[in-house]
>>> print(open('run_37.txt').read())   # compact mmCIF, C-alpha atoms
# COMPACT_ATOMS: atom_id res chain seq x y z
CA MET J 1 166.40 123.10 103.09
CA ALA J 2 164.32 126.15 102.13
CA ASP J 3 161.95 127.28 104.87
CA ARG J 4 161.32 130.72 103.43
CA VAL J 5 159.98 131.81 100.06
CA THR J 6 159.51 135.29 98.63
CA VAL J 7 156.39 135.74 96.51
CA ILE J 8 156.61 138.61 94.04
CA GLY J 9 153.50 140.02 92.42
CA TRP J 10 153.91 141.24 88.84
CA ASP J 11 151.48 143.56 87.06
CA GLY J 12 153.59 144.41 84.01
CA SER J 13 155.24 147.46 85.54
CA PRO J 14 158.98 147.55 86.44
CA LEU J 15 159.85 145.50 89.51
CA THR J 16 160.39 147.37 92.75
CA ALA J 17 163.81 147.52 94.39
CA ALA J 18 162.69 144.95 96.98
CA ALA J 19 161.51 142.59 94.24
CA ARG J 20 164.72 142.99 92.21
CA SER J 21 166.84 142.34 95.29
CA ALA J 22 164.94 139.15 96.20
CA LEU J 23 164.97 137.91 92.62
CA GLY J 24 168.67 138.64 92.16
CA ALA J 25 169.54 136.43 95.14
CA ALA J 26 167.28 133.54 94.09
CA THR J 27 168.65 130.08 93.39
CA LEU J 28 165.17 128.77 92.47
CA VAL J 29 162.49 130.73 90.62
CA ALA J 30 158.95 129.45 89.98
CA GLY J 31 156.43 131.17 87.73
CA ALA J 32 154.59 131.16 84.43
CA ALA J 33 156.52 131.21 81.16
CA HIS J 34 156.33 134.99 80.82
CA HIS J 35 157.64 135.38 84.38
CA LEU J 36 160.60 133.08 83.82
CA ALA J 37 161.49 135.09 80.69
CA LEU J 38 162.00 138.30 82.69
CA ALA J 39 165.50 139.72 82.40
CA GLU J 40 165.82 139.97 86.19
CA VAL J 41 165.68 136.18 86.66
CA PRO J 42 169.27 135.04 87.40
CA PRO J 43 170.57 132.74 84.62
CA PRO J 44 172.01 130.14 87.05
CA ALA J 45 168.76 129.81 89.02
CA GLU J 46 166.72 126.62 88.79
CA ARG J 47 163.44 127.39 87.02
CA ILE J 48 160.08 125.76 87.69
CA ARG J 49 157.16 126.29 85.30
CA LEU J 50 154.27 126.98 87.64
CA GLY J 51 151.34 124.63 87.07
CA SER J 52 150.32 122.94 90.31
CA VAL J 53 151.22 125.33 93.13
CA ALA J 54 151.22 122.42 95.61
CA LEU J 55 153.83 120.52 93.58
CA ALA J 56 155.95 123.66 93.31
CA ALA J 57 155.67 124.18 97.07
CA ARG J 58 157.07 120.69 97.70
CA ARG J 59 159.98 121.40 95.36
CA ILE J 60 160.61 124.70 97.14
CA ALA J 61 160.45 123.08 100.59
CA ALA J 62 163.10 120.53 99.51
CA HIS J 63 165.34 123.11 97.81
CA ARG J 64 168.66 124.06 99.37
CA GLY J 65 168.90 127.74 98.67
CA THR J 66 166.78 130.86 98.19
CA ALA J 67 163.38 130.49 96.51
CA VAL J 68 161.21 133.06 94.74
CA VAL J 69 157.73 132.62 93.24
CA LEU J 70 156.47 135.07 90.60
CA ALA J 71 152.73 135.51 90.15
CA ASP J 72 150.45 137.86 88.23
CA GLY J 73 148.85 140.72 90.12
CA ASP J 74 148.46 140.56 93.88
CA PRO J 75 149.44 136.99 94.88
CA GLY J 76 147.45 137.32 98.12
CA PHE J 77 144.15 137.96 96.30
CA PHE J 78 142.86 134.60 94.99
CA GLY J 79 146.53 133.79 94.41
CA VAL J 80 149.35 131.43 95.30
CA VAL J 81 149.95 132.71 98.84
CA ARG J 82 147.09 130.64 100.31
CA THR J 83 148.56 127.36 99.04
CA LEU J 84 152.15 128.22 99.92
CA ARG J 85 151.11 129.01 103.51
CA ALA J 86 149.57 125.55 104.00
CA PRO J 87 151.05 123.95 107.17
CA GLU J 88 152.21 120.80 105.38
CA PHE J 89 154.87 122.71 103.44
CA GLY J 90 156.40 124.43 106.47
CA LEU J 91 157.25 127.57 104.51
CA GLU J 92 157.58 131.08 105.84
CA VAL J 93 156.13 133.36 103.16
CA GLU J 94 157.18 136.93 102.44
CA VAL J 95 155.06 138.82 99.89
CA VAL J 96 156.02 141.69 97.61
CA PRO J 97 152.56 142.68 96.28
CA ALA J 98 151.50 144.30 93.04
CA VAL J 99 148.25 145.76 91.75
CA SER J 100 145.66 142.98 91.48
CA SER J 101 144.40 142.03 88.03
CA VAL J 102 140.88 142.94 89.15
CA ALA J 103 141.96 146.46 90.11
CA THR J 104 143.83 146.77 86.82
CA ALA J 105 140.81 145.60 84.81
CA PHE J 106 138.52 148.18 86.42
CA ALA J 107 141.19 150.84 85.89
CA ARG J 108 141.30 149.98 82.19
CA ALA J 109 137.50 150.27 82.12
CA GLY J 110 137.61 153.58 84.03
CA MET J 111 135.14 152.30 86.62
CA PRO J 112 135.00 152.13 90.43
CA TRP J 113 134.84 148.63 91.87
CA ASP J 114 134.01 148.99 95.54
CA ASP J 115 130.46 147.99 94.58
CA ALA J 116 131.54 144.91 92.61
CA GLN J 117 131.41 141.22 93.43
CA VAL J 118 134.57 139.23 92.64
CA VAL J 119 134.44 135.52 91.78
CA VAL J 120 136.82 132.88 90.46
CA ALA J 121 135.55 130.65 87.66
CA HIS J 122 136.94 127.15 87.21
CA ARG J 123 135.18 124.32 85.41
CA ARG J 124 133.75 123.11 88.73
CA THR J 125 132.65 126.58 89.92
CA LEU J 126 131.56 128.07 86.58
CA ARG J 127 127.82 127.62 87.16
CA ARG J 128 128.00 129.32 90.56
CA ALA J 129 130.06 132.18 89.10
CA VAL J 130 127.37 132.64 86.43
CA ASN J 131 124.70 132.74 89.14
CA ILE J 132 126.56 135.60 90.82
CA CYS J 133 126.55 137.41 87.46
CA ARG J 134 122.79 136.84 87.26
CA ALA J 135 122.22 138.20 90.76
CA HIS J 136 124.42 141.33 90.71
CA THR J 137 124.89 144.36 88.49
CA LYS J 138 128.69 144.44 88.57
CA VAL J 139 130.89 141.35 88.85
CA ALA J 140 134.55 140.70 88.11
CA VAL J 141 135.24 137.13 87.02
CA LEU J 142 138.77 135.73 87.23
CA THR J 143 138.57 133.10 84.51
CA SER J 144 140.46 129.91 83.68
CA PRO J 145 140.69 127.62 80.63
CA GLY J 146 137.28 126.10 79.97
CA ALA J 147 135.60 128.72 82.17
CA GLY J 148 136.19 131.90 80.22
CA PRO J 149 134.19 134.63 78.48
CA ALA J 150 132.63 132.27 75.91
CA GLU J 151 131.36 129.86 78.56
CA LEU J 152 130.06 132.73 80.71
CA GLY J 153 128.15 134.15 77.76
CA LEU J 154 126.59 130.80 76.85
CA LEU J 155 125.38 130.13 80.39
CA LEU J 156 123.93 133.64 80.70
CA GLU J 157 121.48 132.95 77.88
CA GLY J 158 118.31 134.94 78.43
CA VAL J 159 120.04 137.52 80.67
CA HIS J 160 121.46 140.60 78.97
CA ARG J 161 124.86 141.68 80.26
CA THR J 162 127.77 143.75 78.95
CA PHE J 163 131.23 142.15 79.07
CA VAL J 164 134.48 144.09 79.44
CA ILE J 165 137.07 141.44 78.62
CA CYS J 166 140.66 142.22 79.63
CA GLU J 167 143.19 139.83 78.11
CA GLU J 168 146.82 139.38 79.20
CA LEU J 169 146.86 142.46 81.43
CA GLY J 170 150.27 144.02 81.93
CA THR J 171 151.85 142.40 78.89
CA GLU J 172 152.59 143.75 75.41
CA ARG J 173 149.60 141.76 74.13
CA GLU J 174 147.13 143.37 76.55
CA GLN J 175 143.73 143.95 74.95
CA VAL J 176 140.41 145.26 76.28
CA THR J 177 137.19 144.37 74.42
CA VAL J 178 133.64 145.52 75.19
CA LEU J 179 130.70 143.52 73.82
CA THR J 180 127.36 142.02 74.84
CA SER J 181 127.30 138.65 76.57
CA ASP J 182 125.54 136.93 73.65
CA LYS J 183 128.50 137.74 71.37
CA ALA J 184 131.25 136.39 73.65
CA ALA J 185 131.01 132.83 72.30
CA ASP J 186 131.73 134.08 68.77
CA HIS J 187 135.37 134.82 69.63
CA THR J 188 138.47 133.02 70.91
CA TRP J 189 139.94 134.63 74.00
CA ARG J 190 143.50 134.52 75.31
CA ASP J 191 144.34 133.45 78.85
CA PRO J 192 144.70 134.85 81.39
CA ASN J 193 141.79 137.25 81.28
CA VAL J 194 139.43 139.09 83.60
CA VAL J 195 135.80 139.65 82.62
CA ILE J 196 133.85 142.56 84.08
CA VAL J 197 130.16 141.70 83.82
CA ILE J 198 127.78 144.67 83.96
CA GLY J 199 124.02 144.90 83.58
CA GLY J 200 120.57 144.98 85.10
CA HIS J 201 118.81 147.88 86.77
CA VAL J 202 121.00 149.71 89.27
CA THR J 203 119.91 151.32 92.53
CA ALA J 204 122.12 154.34 93.08
CA VAL J 205 123.75 154.92 96.47
CA GLU J 206 124.31 158.60 97.14
CA GLY J 207 127.82 159.51 98.22
CA GLY J 208 129.13 155.98 97.69
CA GLY J 209 128.80 152.98 99.95
CA TRP J 210 130.58 152.04 103.17
CA ILE J 211 131.12 148.34 102.50
CA ALA J 212 132.46 146.53 99.44
CA GLY J 213 129.87 144.77 97.32
CA ARG J 214 126.15 145.35 97.62
CA GLU J 215 124.95 148.10 99.93
CA PRO J 216 122.89 146.40 102.70
CA GLY J 217 121.56 149.64 104.14
CA ALA J 218 119.53 150.32 101.01
CA GLU J 219 117.15 147.44 101.79
CA PRO J 220 114.28 147.30 104.29
CA ARG J 221 115.12 145.47 107.49
CA GLY J 222 113.54 142.07 108.03
CA TRP J 223 112.33 139.06 106.06
CA ALA J 224 108.90 137.91 104.90
CA LEU J 225 107.84 141.52 104.55
CA PRO J 226 104.14 142.45 104.83
CA ALA J 227 101.81 142.69 101.84
CA GLU J 228 101.90 146.49 101.67
CA MET J 229 105.61 146.32 100.83
CA TYR J 230 104.61 144.57 97.62
CA GLY J 231 101.88 146.97 96.63
CA GLY J 232 98.83 145.31 98.16
CA ALA J 233 97.17 141.95 98.71
CA LEU J 234 99.22 138.80 98.20
CA GLY J 235 97.97 135.65 96.55
CA GLU J 236 97.35 132.20 97.99
CA GLY J 237 100.55 130.72 99.36
CA GLU J 238 102.22 134.11 99.77
CA THR J 239 101.33 134.90 103.37
CA ASP J 240 104.13 136.34 105.45
CA LEU J 241 104.64 133.37 107.78
CA LEU J 242 104.37 130.75 105.03
CA ARG J 243 106.88 132.70 102.94
CA ALA J 244 109.23 132.92 105.94
CA ALA J 245 109.01 129.16 106.44
CA GLN J 246 109.66 128.52 102.74
CA LEU J 247 112.75 130.74 102.79
CA ALA J 248 114.00 129.01 105.94
CA ARG J 249 113.61 125.53 104.39
CA LEU J 250 115.32 126.48 101.12
CA GLY J 251 118.06 128.70 102.55
CA PRO J 252 118.93 130.48 99.26
CA ARG J 253 122.48 131.85 99.20
CA ALA J 254 125.08 133.45 96.96
CA GLY J 255 125.96 131.21 94.03
CA ASP J 256 122.58 129.42 94.03
CA LEU J 257 120.02 129.50 91.26
CA VAL J 258 116.47 129.56 92.63
CA TRP J 259 113.37 128.76 90.61
CA ASP J 260 110.18 130.41 91.85
CA ILE J 261 107.36 128.73 89.94
CA GLY J 262 104.08 130.60 90.22
CA SER J 263 105.74 133.80 91.37
CA GLY J 264 102.48 135.74 91.90
CA SER J 265 103.37 139.13 93.35
CA GLY J 266 107.10 138.38 93.26
CA ALA J 267 107.35 138.51 97.06
CA PHE J 268 109.21 135.20 97.44
CA ALA J 269 111.40 135.81 94.37
CA ALA J 270 112.46 139.25 95.59
CA GLU J 271 113.30 137.99 99.06
CA ALA J 272 115.30 135.03 97.73
CA ALA J 273 117.25 137.51 95.60
CA ARG J 274 117.86 139.66 98.68
CA CYS J 275 119.69 136.63 100.13
CA GLY J 276 122.19 136.95 97.26
CA ALA J 277 120.86 134.11 95.10
CA ALA J 278 120.13 134.27 91.39
CA VAL J 279 116.40 133.86 90.77
CA ILE J 280 114.28 132.85 87.81
CA ALA J 281 110.62 133.69 88.46
CA VAL J 282 108.06 131.83 86.34
CA ASP J 283 104.35 132.58 85.97
CA ARG J 284 101.74 131.90 83.30
CA ASP J 285 99.93 135.16 84.09
CA PRO J 286 101.50 138.16 82.31
CA ASP J 287 100.16 140.48 85.02
CA ALA J 288 101.95 138.39 87.68
CA CYS J 289 105.16 138.65 85.65
CA GLY J 290 104.73 142.41 85.62
CA ARG J 291 104.16 142.52 89.39
CA THR J 292 107.29 140.41 89.94
CA THR J 293 109.34 142.81 87.83
CA VAL J 294 108.00 145.75 89.85
CA SER J 295 108.86 143.98 93.14
CA ALA J 296 112.41 143.37 91.94
CA ARG J 297 112.88 147.02 91.02
CA ARG J 298 111.36 148.17 94.31
CA PHE J 299 114.00 146.25 96.28
CA GLY J 300 116.85 146.80 93.84
CA VAL J 301 117.45 143.11 93.11
CA GLN J 302 118.10 141.25 89.87
CA LEU J 303 115.53 138.72 88.62
CA GLN J 304 114.92 136.92 85.36
CA VAL J 305 111.16 136.78 84.81
CA VAL J 306 109.87 134.07 82.48
CA HIS J 307 106.31 134.08 81.16
CA GLY J 308 104.93 130.59 80.58
CA ALA J 309 103.08 127.64 82.05
CA ALA J 310 104.87 124.94 84.04
CA PRO J 311 105.91 122.23 83.58
CA HIS J 312 106.57 122.79 79.84
CA ILE J 313 108.29 126.16 80.27
CA LEU J 314 110.83 124.59 82.64
CA GLU J 315 112.48 122.41 80.00
CA ASN J 316 114.89 125.07 78.72
CA LEU J 317 115.74 126.74 82.04
CA PRO J 318 119.24 126.29 83.53
CA GLU J 319 119.66 123.78 86.34
CA PRO J 320 118.33 125.00 89.72
CA ASP J 321 119.83 124.48 93.16
CA VAL J 322 116.60 124.99 95.09
CA VAL J 323 113.00 125.44 93.94
CA ARG J 324 109.85 126.92 95.38
CA VAL J 325 106.65 125.72 93.71
CA GLY J 326 103.95 128.27 94.37
CA GLY J 327 101.38 126.72 92.05
CA GLY J 328 100.72 123.75 89.81
CA GLY J 329 100.38 120.98 92.35
CA ALA J 330 101.81 117.47 92.19
CA ALA J 331 102.41 117.47 88.43
CA VAL J 332 104.69 120.51 88.56
CA VAL J 333 106.46 119.26 91.69
CA SER J 334 107.15 115.95 89.92
CA ALA J 335 108.56 117.75 86.86
CA VAL J 336 110.81 119.81 89.11
CA ALA J 337 112.01 116.70 90.96
CA ASP J 338 113.08 115.24 87.60
CA ARG J 339 115.67 118.06 87.42
CA ARG J 340 117.15 116.99 90.79
CA PRO J 341 117.50 120.27 92.68
CA GLN J 342 118.92 119.94 96.16
CA CYS J 343 115.71 121.09 97.84
CA ILE J 344 112.08 121.67 96.81
CA VAL J 345 109.49 123.48 98.88
CA THR J 346 105.77 123.86 98.20
CA HIS J 347 102.44 124.03 99.99
CA ALA J 348 99.02 122.42 99.82
CA ALA J 349 95.60 123.51 100.99
CA THR J 350 94.38 120.01 101.98
CA ARG J 351 95.86 116.89 103.53
CA ASP J 352 95.00 114.79 100.47
CA ALA J 353 96.88 117.17 98.20
CA ALA J 354 99.82 117.21 100.62
CA GLU J 355 99.96 113.38 100.69
CA LEU J 356 99.92 113.23 96.88
CA ILE J 357 102.82 115.68 96.61
CA GLY J 358 104.72 113.92 99.40
CA ARG J 359 104.41 110.51 97.71
CA GLY J 360 105.70 111.98 94.45
CA LEU J 361 108.74 113.49 96.16
CA THR J 362 109.46 110.23 97.98
CA GLU J 363 109.29 108.27 94.71
CA HIS J 364 111.92 110.66 93.30
CA GLY J 365 114.26 109.87 96.19
CA TYR J 366 113.64 112.99 98.29
CA GLN J 367 113.44 113.00 102.07
CA VAL J 368 110.08 114.63 102.79
CA GLU J 369 108.97 116.80 105.68
CA CYS J 370 105.50 118.25 106.17
CA ALA J 371 104.13 120.70 108.73
CA LEU J 372 100.66 122.14 109.19
CA LEU J 373 101.05 125.88 109.54
CA GLN J 374 98.23 127.93 111.04
CA SER J 375 98.47 131.66 111.59
CA VAL J 376 95.99 134.11 113.02
CA GLU J 377 96.47 137.83 112.44
CA LEU J 378 95.15 140.02 115.23
CA ASP J 379 93.99 143.61 115.24
CA THR J 380 96.03 144.97 118.15
CA ARG J 381 93.68 147.90 118.69
CA ALA J 382 90.97 145.55 119.93
CA TRP J 383 92.96 142.28 120.00
CA THR J 384 90.41 140.66 117.75
CA GLU J 385 91.01 138.20 114.94
CA LYS J 386 91.46 139.79 111.50
CA GLU J 387 92.53 136.92 109.28
CA ARG J 388 93.28 133.20 109.62
CA SER J 389 95.30 131.05 107.21
CA VAL J 390 96.08 127.34 107.17
CA ALA J 391 98.49 125.52 104.84
CA PHE J 392 100.49 122.32 104.67
CA LEU J 393 104.18 123.16 104.13
CA LEU J 394 106.07 120.42 102.31
CA SER J 395 109.77 120.21 101.62
CA GLY J 396 111.90 117.56 99.96
CA ARG J 397 115.68 117.31 100.20
CA LEU J 398 117.99 114.97 98.33
CA PRO J 399 119.94 112.92 100.87
CA ASP J 400 122.97 112.58 98.59
CA ARG J 401 123.46 116.35 98.21
CA SER J 402 125.37 118.43 100.74
CA PRO J 403 123.46 121.35 102.34
>>> encode(input="run_37.txt", output="structure tokens")
Amino acid sequence: MADRVTVIGWDGSPLTAAARSALGAATLVAGAAHHLALAEVPPPAERIRLGSVALAARRIAAHRGTAVVLADGDPGFFGVVRTLRAPEFGLEVEVVPAVSSVATAFARAGMPWDDAQVVVAHRRTLRRAVNICRAHTKVAVLTSPGAGPAELGLLLEGVHRTFVICEELGTEREQVTVLTSDKAADHTWRDPNVVIVIGGHVTAVEGGGWIAGREPGAEPRGWALPAEMYGGALGEGETDLLRAAQLARLGPRAGDLVWDIGSGSGAFAAEAARCGAAVIAVDRDPDACGRTTVSARRFGVQLQVVHGAAPHILENLPEPDVVRVGGGGAAVVSAVADRRPQCIVTHAATRDAAELIGRGLTEHGYQVECALLQSVELDTRAWTEKERSVAFLLSGRLPDRSP
């Protein structure tokens, strides 16, 4: 019975001596069709076309002999190693790595990638992968059938990005194509491929960063930042403490799409984007749209700003995960609830207005919470009251959706 398997990464370059030695001794070899066609695969070895890694792992565990698995790129980076190491298979895994397909794609593009996000797109995770592309200026997407460049381009409608599409890296049919995201659906792309998604305004980090992905040190410390950080006075419903409570109730995170309806100064939208979420900010006032754009640039975050009046403007927007309604009252909240986001947060100035919104959310199947928030800002030089604000904070959460 096999209790050990050697996993060999392949990036198109000649196999290393260690890889050739392991492969030459193999009595079972699993891999894709182009792996099994390699000259180094021993003719007598049993060959398994790699589809389900779990099924292959069971075959390997039951095999009497020496097993090898071939995989593209670095098999420990979003690769087969995770599945093969699952306790139920009882396999000891030895890895002979190769250059990852992501590293190869950025090398072909001649770009650094320590500032890039890396995501895997399957049919079930495609929307979340697209949201990462909305929220960041440089993303590498490891695609799959049905979740490739065409689908990415279609779901990024309204957001301009440049695609660097790297097909069949390391093979004789390797091809690198650069085009805009709106053109990706006009072509048929070969699998496997890696898509580098680039775009949006970029905040430069002098001397390079110290952590992969987005540079956290470039942002101001803290949440619910004061009004002066957004260029002056904030509108109704944008006070620091109310905004902090709204962010806490919604909990925006990477992979989410947040709607901010009635974005005002852009304070909430910018801070939701700082959490790593993709954000669409909507306002009927063109000046408010301009202020939101300025706020996004000030904090170096990516936002899509949409000018228009809710609820009609919401009809063509992509599906949200969580929504903050900053204006529009019960009618807009009801229209948002029709789209079934996981959580909705809003506020009201009076108890009657809060009850009306709460009844509407309940009728849509949401579990409703309401709190009366009162804050008093003090002048610490004389410890006298400067400003007082009162608001009803309402939130609705769908009970059948996981947090």
>>> atom_distance(input="run_37.txt", atom1="atom CA of Thr66 of chain J", atom2="atom CA of Phe78 of chain J")
24.4 Å
>>> closest_residue(input="run_37.txt", among="J:Pro341, J:Phe163, J:Ala67, J:Val332", to="Ala185 of chain J", atoms="all atoms listed in the file")
J:Phe163
>>> atom_distance(input="run_37.txt", atom1="atom CA of Ile198 of chain J", atom2="atom CA of Lys138 of chain J")
4.7 Å
>>> residues_around(input="run_37.txt", residues="Val194 of chain J", least_positions_apart="4", cutoff="7 Å", atoms="all atoms listed in the file", output="number ranges by chain")
J: 102, 105, 140-143, 165-167
>>> closest_residue(input="run_37.txt", among="J:Arg297, J:Arg64, J:His347, J:Arg214", to="Ile132 of chain J", atoms="all atoms listed in the file")
J:Arg214
>>> residues_around(input="run_37.txt", residues="segment 148-156 of chain J", least_positions_apart="4", cutoff="9 Å", atoms="only C-alpha atoms", output="ChimeraX atom specification")
/J:121-122,126-127,129-131,133-134,141-144,160-161,163,165,180-189,191,193-195,318
>>> write_last_selection(input="run_37.txt", atoms="C-alpha atoms", output="PDB file, in the frame of the given file")
ATOM      1  CA  ALA J 121     135.550 130.650  87.660  1.00  0.00           C
ATOM      2  CA  HIS J 122     136.940 127.150  87.210  1.00  0.00           C
ATOM      3  CA  LEU J 126     131.560 128.070  86.580  1.00  0.00           C
ATOM      4  CA  ARG J 127     127.820 127.620  87.160  1.00  0.00           C
ATOM      5  CA  ALA J 129     130.060 132.180  89.100  1.00  0.00           C
ATOM      6  CA  VAL J 130     127.370 132.640  86.430  1.00  0.00           C
ATOM      7  CA  ASN J 131     124.700 132.740  89.140  1.00  0.00           C
ATOM      8  CA  CYS J 133     126.550 137.410  87.460  1.00  0.00           C
ATOM      9  CA  ARG J 134     122.790 136.840  87.260  1.00  0.00           C
ATOM     10  CA  VAL J 141     135.240 137.130  87.020  1.00  0.00           C
ATOM     11  CA  LEU J 142     138.770 135.730  87.230  1.00  0.00           C
ATOM     12  CA  THR J 143     138.570 133.100  84.510  1.00  0.00           C
ATOM     13  CA  SER J 144     140.460 129.910  83.680  1.00  0.00           C
ATOM     14  CA  HIS J 160     121.460 140.600  78.970  1.00  0.00           C
ATOM     15  CA  ARG J 161     124.860 141.680  80.260  1.00  0.00           C
ATOM     16  CA  PHE J 163     131.230 142.150  79.070  1.00  0.00           C
ATOM     17  CA  ILE J 165     137.070 141.440  78.620  1.00  0.00           C
ATOM     18  CA  THR J 180     127.360 142.020  74.840  1.00  0.00           C
ATOM     19  CA  SER J 181     127.300 138.650  76.570  1.00  0.00           C
ATOM     20  CA  ASP J 182     125.540 136.930  73.650  1.00  0.00           C
ATOM     21  CA  LYS J 183     128.500 137.740  71.370  1.00  0.00           C
ATOM     22  CA  ALA J 184     131.250 136.390  73.650  1.00  0.00           C
ATOM     23  CA  ALA J 185     131.010 132.830  72.300  1.00  0.00           C
ATOM     24  CA  ASP J 186     131.730 134.080  68.770  1.00  0.00           C
ATOM     25  CA  HIS J 187     135.370 134.820  69.630  1.00  0.00           C
ATOM     26  CA  THR J 188     138.470 133.020  70.910  1.00  0.00           C
ATOM     27  CA  TRP J 189     139.940 134.630  74.000  1.00  0.00           C
ATOM     28  CA  ASP J 191     144.340 133.450  78.850  1.00  0.00           C
ATOM     29  CA  ASN J 193     141.790 137.250  81.280  1.00  0.00           C
ATOM     30  CA  VAL J 194     139.430 139.090  83.600  1.00  0.00           C
ATOM     31  CA  VAL J 195     135.800 139.650  82.620  1.00  0.00           C
ATOM     32  CA  PRO J 318     119.240 126.290  83.530  1.00  0.00           C
TER      33      PRO J 318
END
>>> residues_around(input="run_37.txt", residues="Val5 of chain J", least_positions_apart="2", cutoff="8 Å", atoms="all atoms listed in the file", output="ChimeraX atom specification")
/J:2-3,7,60,66-69,91-94
>>> closest_residue(input="run_37.txt", among="J:Gly251, J:Pro226, J:Pro220, J:Gly327", to="Gly264 of chain J", atoms="only C-alpha atoms")
J:Gly327
>>> axis_aligned_box(input="run_37.txt", around="segment 86-105 of chain J", padding_each_side="4 Å", output="JSON")
{"center_x": 149.2, "center_y": 133.8, "center_z": 96.0, "size_x": 24.8, "size_y": 34.0, "size_z": 30.4}
>>> residues_around(input="run_37.txt", residues="Ala254 of chain J", least_positions_apart="6", cutoff="9 Å", atoms="only C-alpha atoms", output="PyMOL selection string")
chain J and resi 128+131-132+135+273+275-278
>>> residues_around(input="run_37.txt", residues="Leu378 of chain J", least_positions_apart="6", cutoff="10 Å", atoms="all atoms listed in the file", output="count of residues only")
5
>>> closest_residue(input="run_37.txt", among="J:Ala391, J:Ala18, J:Val81, J:Leu70", to="Glu236 of chain J", atoms="all atoms listed in the file")
J:Ala391
>>> closest_residue(input="run_37.txt", among="J:Trp210, J:Phe392, J:Trp383, J:Phe89", to="Glu369 of chain J", atoms="all atoms listed in the file")
J:Phe392
>>> closest_residue(input="run_37.txt", among="J:Gly262, J:Pro97, J:Gly31, J:Gly90", to="Gly51 of chain J", atoms="only C-alpha atoms")
J:Gly31
>>> atom_distance(input="run_37.txt", atom1="atom CA of Ala57 of chain J", atom2="atom CA of Thr83 of chain J")
8.0 Å
>>> residues_near_point(input="run_37.txt", point="(107.3, 117.6, 90.9)", cutoff="9 Å", atoms="all atoms listed in the file", output="short mmCIF file (atom, residue, chain, number, x, y, z; two decimals) with C-alpha atoms, in the coordinates of the input")
data_model
loop_
_atom_site.label_atom_id
_atom_site.label_comp_id
_atom_site.auth_asym_id
_atom_site.auth_seq_id
_atom_site.Cartn_x
_atom_site.Cartn_y
_atom_site.Cartn_z
CA PRO J 311 105.91 122.23 83.58
CA VAL J 325 106.65 125.72 93.71
CA GLY J 329 100.38 120.98 92.35
CA ALA J 330 101.81 117.47 92.19
CA ALA J 331 102.41 117.47 88.43
CA VAL J 332 104.69 120.51 88.56
CA VAL J 333 106.46 119.26 91.69
CA SER J 334 107.15 115.95 89.92
CA ALA J 335 108.56 117.75 86.86
CA VAL J 336 110.81 119.81 89.11
CA ALA J 337 112.01 116.70 90.96
CA ASP J 338 113.08 115.24 87.60
CA ILE J 344 112.08 121.67 96.81
CA ILE J 357 102.82 115.68 96.61
CA GLY J 360 105.70 111.98 94.45
CA LEU J 361 108.74 113.49 96.16
CA HIS J 364 111.92 110.66 93.30
#
